[in-house]
file work.txt (compact mmCIF, C-alpha atoms)
# COMPACT_ATOMS: atom_id res chain seq x y z
CA MET F 1 142.03 0.38 -3.88
CA ASN F 2 141.78 -1.26 -7.31
CA VAL F 3 144.85 -2.87 -8.83
CA GLU F 4 144.85 -2.02 -12.54
CA ASP F 5 148.09 -3.02 -14.24
CA CYS F 6 151.12 -4.79 -12.84
CA PHE F 7 154.67 -5.22 -14.06
CA GLU F 8 156.87 -8.10 -12.93
CA ALA F 9 160.03 -6.91 -11.20
CA ALA F 10 163.31 -7.61 -12.98
CA ASP F 11 166.31 -9.02 -11.16
CA TRP F 12 167.63 -5.49 -10.87
CA GLY F 13 164.57 -3.92 -9.28
CA TYR F 14 161.02 -2.71 -9.64
CA VAL F 15 160.13 -1.66 -13.14
CA ILE F 16 157.32 -0.08 -15.10
CA GLU F 17 156.59 -0.04 -18.83
CA ALA F 18 156.51 3.34 -20.49
CA SER F 19 157.41 5.22 -23.62
CA ILE F 20 158.65 8.72 -24.30
CA LEU F 21 157.18 11.10 -26.86
CA ASN F 22 158.73 14.11 -28.46
CA PRO F 23 155.64 15.73 -30.04
CA LEU F 24 157.71 18.50 -31.63
CA HIS F 25 159.51 16.04 -33.88
CA ASP F 26 156.77 13.39 -33.84
CA LEU F 27 159.14 10.86 -32.36
CA ARG F 28 158.47 8.10 -29.90
CA PHE F 29 160.79 5.75 -28.04
CA PRO F 30 160.46 2.91 -28.46
CA GLU F 31 158.85 3.28 -31.87
CA THR F 32 156.48 0.43 -31.07
CA GLY F 33 155.62 -1.10 -27.73
CA LYS F 34 157.09 0.03 -24.43
CA VAL F 35 160.40 -0.06 -22.66
CA LEU F 36 161.15 -0.90 -19.04
CA PHE F 37 162.07 1.88 -16.67
CA LYS F 38 163.39 1.14 -13.24
CA ILE F 39 161.49 2.76 -10.39
CA ASP F 40 164.26 4.46 -8.45
CA THR F 41 163.18 5.96 -5.15
CA GLY F 42 166.76 7.08 -4.48
CA PHE F 43 166.64 9.44 -7.46
CA ASN F 44 164.54 12.48 -6.73
CA GLY F 45 164.65 13.77 -10.31
CA PRO F 46 162.21 13.10 -13.19
CA THR F 47 163.10 10.67 -16.03
CA LEU F 48 166.58 9.44 -16.87
CA VAL F 49 167.52 7.87 -20.19
CA THR F 50 170.67 6.68 -21.92
CA SER F 51 172.44 9.09 -24.26
CA ASP F 52 171.45 7.11 -27.37
CA VAL F 53 167.76 7.47 -26.47
CA PHE F 54 168.25 11.21 -25.81
CA GLU F 55 169.73 11.52 -29.29
CA PHE F 56 167.20 9.22 -30.96
CA LEU F 57 164.44 11.51 -29.72
CA ARG F 58 166.37 14.55 -31.06
CA LEU F 59 166.15 16.13 -27.64
CA GLU F 60 169.48 17.87 -28.14
CA GLU F 61 167.60 20.22 -30.47
CA ILE F 62 165.51 21.60 -27.60
CA GLU F 63 167.70 20.92 -24.59
CA VAL F 64 168.26 23.55 -21.94
CA PRO F 65 171.34 25.79 -22.14
CA ASP F 66 174.50 24.82 -20.29
CA ASP F 67 173.84 27.07 -17.29
CA MET F 68 170.41 25.52 -16.74
CA ARG F 69 171.64 21.93 -16.65
CA PRO F 70 170.62 20.35 -13.36
CA THR F 71 173.24 18.76 -11.15
CA TYR F 72 172.55 15.71 -9.01
CA ALA F 73 174.50 14.80 -5.92
CA THR F 74 175.60 11.17 -6.10
CA LEU F 75 177.76 9.00 -3.90
CA ALA F 76 180.50 9.45 -6.49
CA GLY F 77 180.22 13.25 -6.60
CA PRO F 78 178.09 15.77 -8.52
CA LEU F 79 176.68 14.66 -11.85
CA THR F 80 175.62 17.25 -14.42
CA MET F 81 172.71 16.29 -16.66
CA ARG F 82 171.55 17.28 -20.11
CA SER F 83 167.84 18.06 -19.94
CA ALA F 84 164.96 18.53 -22.36
CA PRO F 85 161.19 18.43 -21.94
CA ALA F 86 159.08 15.61 -23.37
CA ILE F 87 156.06 13.45 -22.61
CA LEU F 88 156.18 10.26 -20.63
CA GLU F 89 153.41 7.83 -21.53
CA ILE F 90 152.41 5.11 -19.10
CA LYS F 91 149.43 3.07 -20.20
CA LYS F 92 147.12 5.81 -21.48
CA LYS F 93 148.35 8.46 -19.11
CA GLN F 94 150.59 11.20 -20.49
CA LEU F 95 152.80 13.22 -18.18
CA GLU F 96 154.99 16.19 -18.96
CA THR F 97 158.51 15.45 -17.83
CA ASP F 98 162.08 16.57 -18.14
CA ILE F 99 164.22 13.93 -19.78
CA LEU F 100 167.70 13.81 -18.32
CA SER F 101 170.85 12.10 -19.49
CA PRO F 102 174.26 12.47 -17.83
CA LEU F 103 176.57 14.86 -19.64
CA LEU F 104 179.39 12.39 -19.04
CA GLY F 105 179.43 8.73 -18.17
CA PRO F 106 176.95 5.88 -18.41
CA SER F 107 173.24 6.10 -17.77
CA ARG F 108 170.17 3.92 -17.53
CA MET F 109 166.45 4.10 -18.00
CA LEU F 110 164.72 5.03 -14.79
CA LEU F 111 161.93 7.01 -13.28
CA GLY F 112 162.70 9.15 -10.28
CA PHE F 113 160.56 10.44 -7.48
CA ARG F 114 159.35 13.46 -9.48
CA MET F 115 157.49 11.06 -11.78
CA SER F 116 156.57 8.24 -9.41
CA LYS F 117 154.77 10.72 -7.15
CA GLU F 118 152.51 11.57 -10.10
CA LEU F 119 151.39 7.95 -10.30
CA ASN F 120 149.46 5.71 -7.96
CA LEU F 121 152.00 2.96 -7.60
CA ALA F 122 152.04 0.02 -5.25
CA LEU F 123 154.89 -2.41 -4.77
CA LEU F 124 153.22 -5.76 -4.26
CA GLY F 125 155.73 -8.52 -3.71
CA LYS F 126 157.69 -8.80 -6.94
CA ARG F 127 155.32 -6.58 -8.86
CA THR F 128 154.90 -2.86 -9.45
CA CYS F 129 151.21 -2.09 -9.83
CA LEU F 130 149.24 0.91 -11.00
CA VAL F 131 146.30 1.30 -8.69
CA SER F 132 143.22 3.47 -8.57
CA MET F 133 141.73 4.76 -5.37
CA ILE F 134 138.12 4.00 -4.52
CA SER F 135 136.55 6.77 -2.50
CA MET K 136 194.97 14.33 -50.09
CA SER K 137 195.13 11.91 -47.18
CA ASP K 138 194.65 8.17 -47.24
CA VAL K 139 192.34 7.25 -44.36
CA LEU K 140 191.23 3.82 -43.22
CA LEU K 141 187.78 3.89 -41.59
CA LYS K 142 186.64 1.11 -39.31
CA LYS K 143 183.07 0.15 -38.39
CA VAL K 144 181.46 1.85 -41.39
CA ASP K 145 177.82 0.80 -41.83
CA PRO K 146 177.98 -1.62 -44.83
CA LYS K 147 174.53 -0.60 -46.07
CA LEU K 148 175.46 3.09 -46.03
CA TYR K 149 178.74 2.31 -47.75
CA SER K 150 176.95 0.33 -50.48
CA ARG K 151 174.53 3.19 -51.07
CA LEU K 152 177.37 5.71 -51.16
CA LYS K 153 179.24 3.55 -53.66
CA ALA K 154 176.15 3.10 -55.85
CA GLU K 155 175.20 6.80 -55.78
CA ALA K 156 178.76 7.87 -56.51
CA ALA K 157 179.00 5.45 -59.45
CA ALA K 158 175.64 6.61 -60.81
CA ARG K 159 176.97 10.18 -60.86
CA GLY K 160 180.33 9.28 -62.31
CA ARG K 161 182.16 10.20 -59.08
CA THR K 162 184.68 8.29 -57.05
CA ILE K 163 183.80 7.20 -53.52
CA ALA K 164 186.41 9.62 -52.16
CA GLU K 165 184.79 12.54 -54.04
CA ALA K 166 181.35 11.61 -52.75
CA PHE K 167 182.70 11.19 -49.22
CA ASN K 168 184.43 14.60 -49.30
CA GLU K 169 181.25 16.26 -50.52
CA ALA K 170 179.15 14.55 -47.83
CA VAL K 171 181.55 15.65 -45.10
CA LYS K 172 181.50 19.25 -46.34
CA VAL K 173 177.68 19.30 -46.23
CA TRP K 174 177.67 17.73 -42.75
CA LEU K 175 180.13 20.33 -41.45
CA VAL K 176 178.06 23.21 -42.84
CA VAL K 177 174.91 21.81 -41.18
CA GLN K 178 176.72 21.49 -37.85
CA GLN K 179 178.04 25.05 -38.11
CA ARG K 180 174.55 26.40 -38.85
CA ARG K 181 173.18 24.51 -35.83
CA ASP K 182 175.89 25.94 -33.60
CA ASP K 183 175.30 29.48 -34.87
CA GLU K 184 171.55 29.21 -34.28
CA ARG K 185 172.02 27.79 -30.81
CA GLU K 186 174.40 30.63 -29.98
CA ARG K 187 171.79 33.20 -31.04
CA ASN K 188 169.17 31.36 -28.99
CA VAL K 189 171.38 31.37 -25.91
CA GLU K 190 171.95 35.12 -26.31
CA ALA K 191 168.17 35.69 -26.43
CA TYR K 192 167.66 33.36 -23.48
CA LEU K 193 170.20 35.23 -21.33
CA LYS K 194 168.10 38.39 -21.75
CA ILE K 195 164.99 36.75 -20.28
CA LYS K 196 166.69 34.36 -17.86
CA LYS K 197 165.66 36.33 -14.76
CA GLU K 198 161.99 35.82 -15.64
CA LEU K 199 162.27 32.05 -15.22
CA ALA K 200 162.27 32.18 -11.44
CA LYS K 201 159.13 34.36 -11.47
CA HIS K 202 157.18 31.76 -13.46
CA PRO K 203 158.58 28.40 -12.35
CA GLN K 204 155.71 26.35 -13.79
CA GLU K 205 155.91 27.74 -17.30
CA TYR K 206 157.93 26.82 -20.37
CA PHE K 207 159.98 29.62 -21.92
CA VAL K 208 160.62 29.19 -25.62
CA VAL K 209 163.45 30.74 -27.58
CA ALA K 210 163.92 29.90 -31.26
CA LYS K 211 165.49 31.50 -34.30
CA GLY K 212 167.28 33.86 -31.92
CA THR K 213 163.98 35.25 -30.63
CA TYR K 214 162.05 34.85 -27.40
CA LEU K 215 158.67 33.40 -28.45
CA GLY K 216 156.97 33.59 -25.07
CA ARG K 217 156.13 31.53 -22.01
CA PHE K 218 153.51 28.83 -21.93
CA PRO K 219 151.72 26.87 -19.22
CA THR K 220 151.95 23.54 -21.03
CA LEU K 221 154.49 21.78 -23.17
CA ALA K 222 151.84 21.22 -25.84
CA GLU K 223 151.38 24.98 -26.21
CA ALA K 224 155.13 25.59 -26.28
CA PHE K 225 155.56 23.05 -29.07
CA ARG K 226 152.52 24.38 -30.94
CA VAL K 227 154.05 27.85 -31.05
CA MET K 228 157.35 26.42 -32.26
CA LYS K 229 155.55 24.55 -35.03
CA GLU K 230 153.66 27.74 -35.98
CA ASN K 231 157.03 29.43 -36.27
CA LYS K 232 158.19 26.58 -38.48
CA THR K 233 161.03 25.58 -36.23
CA THR K 234 161.95 22.36 -34.53
CA LYS K 235 165.07 23.67 -32.82
CA GLY K 236 165.29 26.00 -29.90
CA LEU K 237 165.46 26.29 -26.17
CA VAL K 238 162.47 25.06 -24.21
CA VAL K 239 163.28 25.95 -20.65
CA ARG K 240 161.44 25.62 -17.37
CA ALA K 241 162.98 26.36 -14.00
CA GLN K 242 164.06 23.07 -12.52
CA SER K 243 165.90 22.24 -9.40
CA SER K 244 168.85 19.97 -8.98
CA GLY K 245 168.61 17.00 -6.66
CA GLU K 246 170.19 13.82 -5.50
CA TRP K 247 170.66 10.33 -6.85
CA LEU K 248 171.81 8.08 -4.10
CA GLY K 249 172.29 4.34 -3.84
CA GLY K 250 170.31 1.82 -5.86
CA SER K 251 170.77 2.44 -9.54
CA LEU K 252 174.33 3.65 -9.22
CA GLU K 253 175.54 0.33 -7.97
CA ARG K 254 175.01 -1.72 -11.13

call {"tool": "encode", "arguments": {"input": "work.txt", "output": "structure tokens"}}
result
Amino acid sequence: MNVEDCFEAADWGYVIEASILNPLHDLRFPETGKVLFKIDTGFNGPTLVTSDVFEFLRLEEIEVPDDMRPTYATLAGPLTMRSAPAILEIKKKQLETDILSPLLGPSRMLLGFRMSKELNLALLGKRTCLVSMIS
Amino acid sequence: MSDVLLKKVDPKLYSRLKAEAAARGRTIAEAFNEAVKVWLVVQQRRDDERERNVEAYLKIKKELAKHPQEYFVVAKGTYLGRFPTLAEAFRVMKENKTTKGLVVRAQSSGEWLGGSLER
């Protein structure tokens, strides 16, 4: 196993640097550099963002209709999400993803299990590392 | 006419509005009224288009479950097709000169427990 890139954990958990692309509108968040996403193994969905990021990327213009909005069971009850497809970019890897943002209430930037399982991630002490497998 | 006090107006936008209005011999109130009218028309057009898209989507909704890995695209009130990748779905939208529509893929709901909810 080769360790390629590592990201220092924040006080609030394991994180990874990534950006989101909306190729339809040629938009990227953040416009330069990357932003930290928390690696959340308790969230089995794809990518969650705050509502201002959802709007910045103009995802409301291609979001799924009301009856297709996914609902997530939380400790505080069901949470309905807005959802639109986009590209998640981590290092040079691009992954198709659904970008979610709660219809109501606060949100945060995090990657759920549906995305983390697409990556070779290792939690090494206080670091999240992208690794490659040596066969 | 109503007298309205607006808080938290972006000072740069306000300065531009004031300058543009003055350059055209209009009052700020006249420019503001005109801008709001345009904004409301744009919103109405967006709503109308989305409504037509949803109507078209409802006609093909049953197909989603048969092709869970594909993106279904509806735009301008028309079903444009289903595509294996997001890149192809967006390409077809661009070919149809639209940047608004429904890009739908069957997706399941799930759970979000512990961790990130606590902070």

call {"tool": "closest_residue", "arguments": {"input": "work.txt", "among": "F:Pro85, F:Gly13, F:Gly105, F:Gly112", "to": "Glu60 (chain F)", "atoms": "only C-alpha atoms"}}
result
F:Pro85

call {"tool": "interface_residues", "arguments": {"input": "work.txt", "of": "chain F", "to": "chain K", "cutoff": "8 Å", "atoms": "only C-alpha atoms", "output": "short mmCIF file (atom, residue, chain, number, x, y, z; two decimals) with C-alpha atoms, in the frame of the given file"}}
result
data_model
loop_
_atom_site.label_atom_id
_atom_site.label_comp_id
_atom_site.auth_asym_id
_atom_site.auth_seq_id
_atom_site.Cartn_x
_atom_site.Cartn_y
_atom_site.Cartn_z
CA PRO F 23 155.64 15.73 -30.04
CA LEU F 24 157.71 18.50 -31.63
CA HIS F 25 159.51 16.04 -33.88
CA ASP F 40 164.26 4.46 -8.45
CA GLY F 42 166.76 7.08 -4.48
CA PHE F 43 166.64 9.44 -7.46
CA ASN F 44 164.54 12.48 -6.73
CA GLY F 45 164.65 13.77 -10.31
CA GLU F 61 167.60 20.22 -30.47
CA ILE F 62 165.51 21.60 -27.60
CA GLU F 63 167.70 20.92 -24.59
CA VAL F 64 168.26 23.55 -21.94
CA PRO F 65 171.34 25.79 -22.14
CA MET F 68 170.41 25.52 -16.74
CA PRO F 70 170.62 20.35 -13.36
CA THR F 71 173.24 18.76 -11.15
CA TYR F 72 172.55 15.71 -9.01
CA ALA F 73 174.50 14.80 -5.92
CA THR F 74 175.60 11.17 -6.10
CA LEU F 75 177.76 9.00 -3.90
CA ALA F 84 164.96 18.53 -22.36
CA PRO F 85 161.19 18.43 -21.94
CA ALA F 86 159.08 15.61 -23.37
CA GLU F 96 154.99 16.19 -18.96
#

call {"tool": "residues_around", "arguments": {"input": "work.txt", "residues": "Gly212 (chain K)", "least_positions_apart": "5", "cutoff": "7 Å", "atoms": "only C-alpha atoms", "output": "number ranges by chain"}}
result
K: 184, 187-188, 191

call {"tool": "atom_distance", "arguments": {"input": "work.txt", "atom1": "CA of Thr47 (chain F)", "atom2": "CA of Thr97 (chain F)"}}
result
6.9 Å

call {"tool": "closest_residue", "arguments": {"input": "work.txt", "among": "K:Lys194, K:Glu223, K:Tyr214, K:Asn168", "to": "Ala156 (chain K)", "atoms": "all atoms listed in the file"}}
result
K:Asn168

call {"tool": "closest_residue", "arguments": {"input": "work.txt", "among": "F:Tyr14, F:Glu8, F:Cys129, F:Leu119", "to": "Lys93 (chain F)", "atoms": "only C-alpha atoms"}}
result
F:Leu119

call {"tool": "closest_residue", "arguments": {"input": "work.txt", "among": "F:Leu103, F:Ala76, F:Ile39, F:Leu59", "to": "Leu121 (chain F)", "atoms": "all atoms listed in the file"}}
result
F:Ile39

call {"tool": "atom_distance", "arguments": {"input": "work.txt", "atom1": "CA of Met109 (chain F)", "atom2": "CA of Val35 (chain F)"}}
result
8.7 Å

call {"tool": "closest_residue", "arguments": {"input": "work.txt", "among": "F:Arg58, F:Lys34, F:Arg28, F:Arg127", "to": "Ile90 (chain F)", "atoms": "only C-alpha atoms"}}
result
F:Lys34

call {"tool": "atom_distance", "arguments": {"input": "work.txt", "atom1": "CA of Lys92 (chain F)", "atom2": "CA of Val3 (chain F)"}}
result
15.5 Å

call {"tool": "residues_around", "arguments": {"input": "work.txt", "residues": "Cys6 (chain F)", "least_positions_apart": "5", "cutoff": "10 Å", "atoms": "only C-alpha atoms", "output": "PyMOL selection string"}}
result
chain F and resi 15-17+121-124+126-131

call {"tool": "residues_near_point", "arguments": {"input": "work.txt", "point": "(143.8, 0.5, -2.7)", "cutoff": "6 Å", "atoms": "all atoms listed in the file", "output": "number ranges by chain"}}
result
F: 1-2, 133

call {"tool": "decode", "arguments": {"input": "work.txt", "residues": "region 82-103 of chain F", "atoms": "N, CA and C atoms", "output": "mmCIF file, in the first residue's frame"}}
result
data_model
loop_
_atom_site.group_PDB
_atom_site.id
_atom_site.type_symbol
_atom_site.label_atom_id
_atom_site.label_comp_id
_atom_site.auth_asym_id
_atom_site.auth_seq_id
_atom_site.Cartn_x
_atom_site.Cartn_y
_atom_site.Cartn_z
ATOM 1 N N ARG F 82 -32.578 18.462 -0.876
ATOM 2 C CA ARG F 82 -32.548 18.862 -2.281
ATOM 3 C C ARG F 82 -31.406 18.046 -2.895
ATOM 4 N N SER F 83 -31.480 17.779 -4.173
ATOM 5 C CA SER F 83 -30.443 16.952 -4.790
ATOM 6 C C SER F 83 -30.235 17.337 -6.249
ATOM 7 N N ALA F 84 -28.977 17.396 -6.650
ATOM 8 C CA ALA F 84 -28.646 17.657 -8.056
ATOM 9 C C ALA F 84 -27.312 16.985 -8.361
ATOM 10 N N PRO F 85 -27.134 16.517 -9.591
ATOM 11 C CA PRO F 85 -25.883 15.849 -9.924
ATOM 12 C C PRO F 85 -24.760 16.841 -10.213
ATOM 13 N N ALA F 86 -23.552 16.452 -9.901
ATOM 14 C CA ALA F 86 -22.372 17.274 -10.197
ATOM 15 C C ALA F 86 -21.138 16.382 -10.133
ATOM 16 N N ILE F 87 -19.984 16.999 -10.231
ATOM 17 C CA ILE F 87 -18.716 16.260 -10.201
ATOM 18 C C ILE F 87 -17.944 16.647 -8.946
ATOM 19 N N LEU F 88 -17.481 15.638 -8.261
ATOM 20 C CA LEU F 88 -16.625 15.860 -7.097
ATOM 21 C C LEU F 88 -15.183 15.610 -7.541
ATOM 22 N N GLU F 89 -14.325 16.587 -7.284
ATOM 23 C CA GLU F 89 -12.928 16.443 -7.702
ATOM 24 C C GLU F 89 -12.026 16.357 -6.479
ATOM 25 N N ILE F 90 -11.322 15.238 -6.381
ATOM 26 C CA ILE F 90 -10.375 15.051 -5.282
ATOM 27 C C ILE F 90 -9.017 14.741 -5.903
ATOM 28 N N LYS F 91 -8.064 15.622 -5.636
ATOM 29 C CA LYS F 91 -6.790 15.557 -6.356
ATOM 30 C C LYS F 91 -7.124 15.590 -7.853
ATOM 31 N N LYS F 92 -6.673 14.601 -8.623
ATOM 32 C CA LYS F 92 -7.007 14.675 -10.046
ATOM 33 C C LYS F 92 -8.168 13.753 -10.403
ATOM 34 N N LYS F 93 -8.724 13.126 -9.395
ATOM 35 C CA LYS F 93 -9.796 12.168 -9.658
ATOM 36 C C LYS F 93 -11.151 12.887 -9.692
ATOM 37 N N GLN F 94 -11.946 12.591 -10.712
ATOM 38 C CA GLN F 94 -13.277 13.178 -10.796
ATOM 39 C C GLN F 94 -14.321 12.086 -10.649
ATOM 40 N N LEU F 95 -15.276 12.331 -9.766
ATOM 41 C CA LEU F 95 -16.322 11.354 -9.494
ATOM 42 C C LEU F 95 -17.693 11.985 -9.698
ATOM 43 N N GLU F 96 -18.568 11.263 -10.392
ATOM 44 C CA GLU F 96 -19.947 11.745 -10.477
ATOM 45 C C GLU F 96 -20.583 11.581 -9.106
ATOM 46 N N THR F 97 -21.343 12.572 -8.699
ATOM 47 C CA THR F 97 -21.977 12.480 -7.384
ATOM 48 C C THR F 97 -23.308 13.217 -7.403
ATOM 49 N N ASP F 98 -24.122 12.916 -6.434
ATOM 50 C CA ASP F 98 -25.314 13.726 -6.196
ATOM 51 C C ASP F 98 -24.957 14.681 -5.072
ATOM 52 N N ILE F 99 -25.227 15.948 -5.290
ATOM 53 C CA ILE F 99 -24.970 16.951 -4.261
ATOM 54 C C ILE F 99 -26.275 17.187 -3.499
ATOM 55 N N LEU F 100 -26.219 16.995 -2.218
ATOM 56 C CA LEU F 100 -27.412 17.160 -1.394
ATOM 57 C C LEU F 100 -27.275 18.387 -0.500
ATOM 58 N N SER F 101 -28.417 18.960 -0.172
ATOM 59 C CA SER F 101 -28.458 20.034 0.817
ATOM 60 C C SER F 101 -29.839 19.957 1.474
ATOM 61 N N PRO F 102 -29.892 20.011 2.794
ATOM 62 C CA PRO F 102 -31.199 19.866 3.452
ATOM 63 C C PRO F 102 -32.199 20.912 2.967
ATOM 64 N N LEU F 103 -33.421 20.472 2.748
ATOM 65 C CA LEU F 103 -34.482 21.387 2.324
ATOM 66 C C LEU F 103 -34.707 22.445 3.404
#
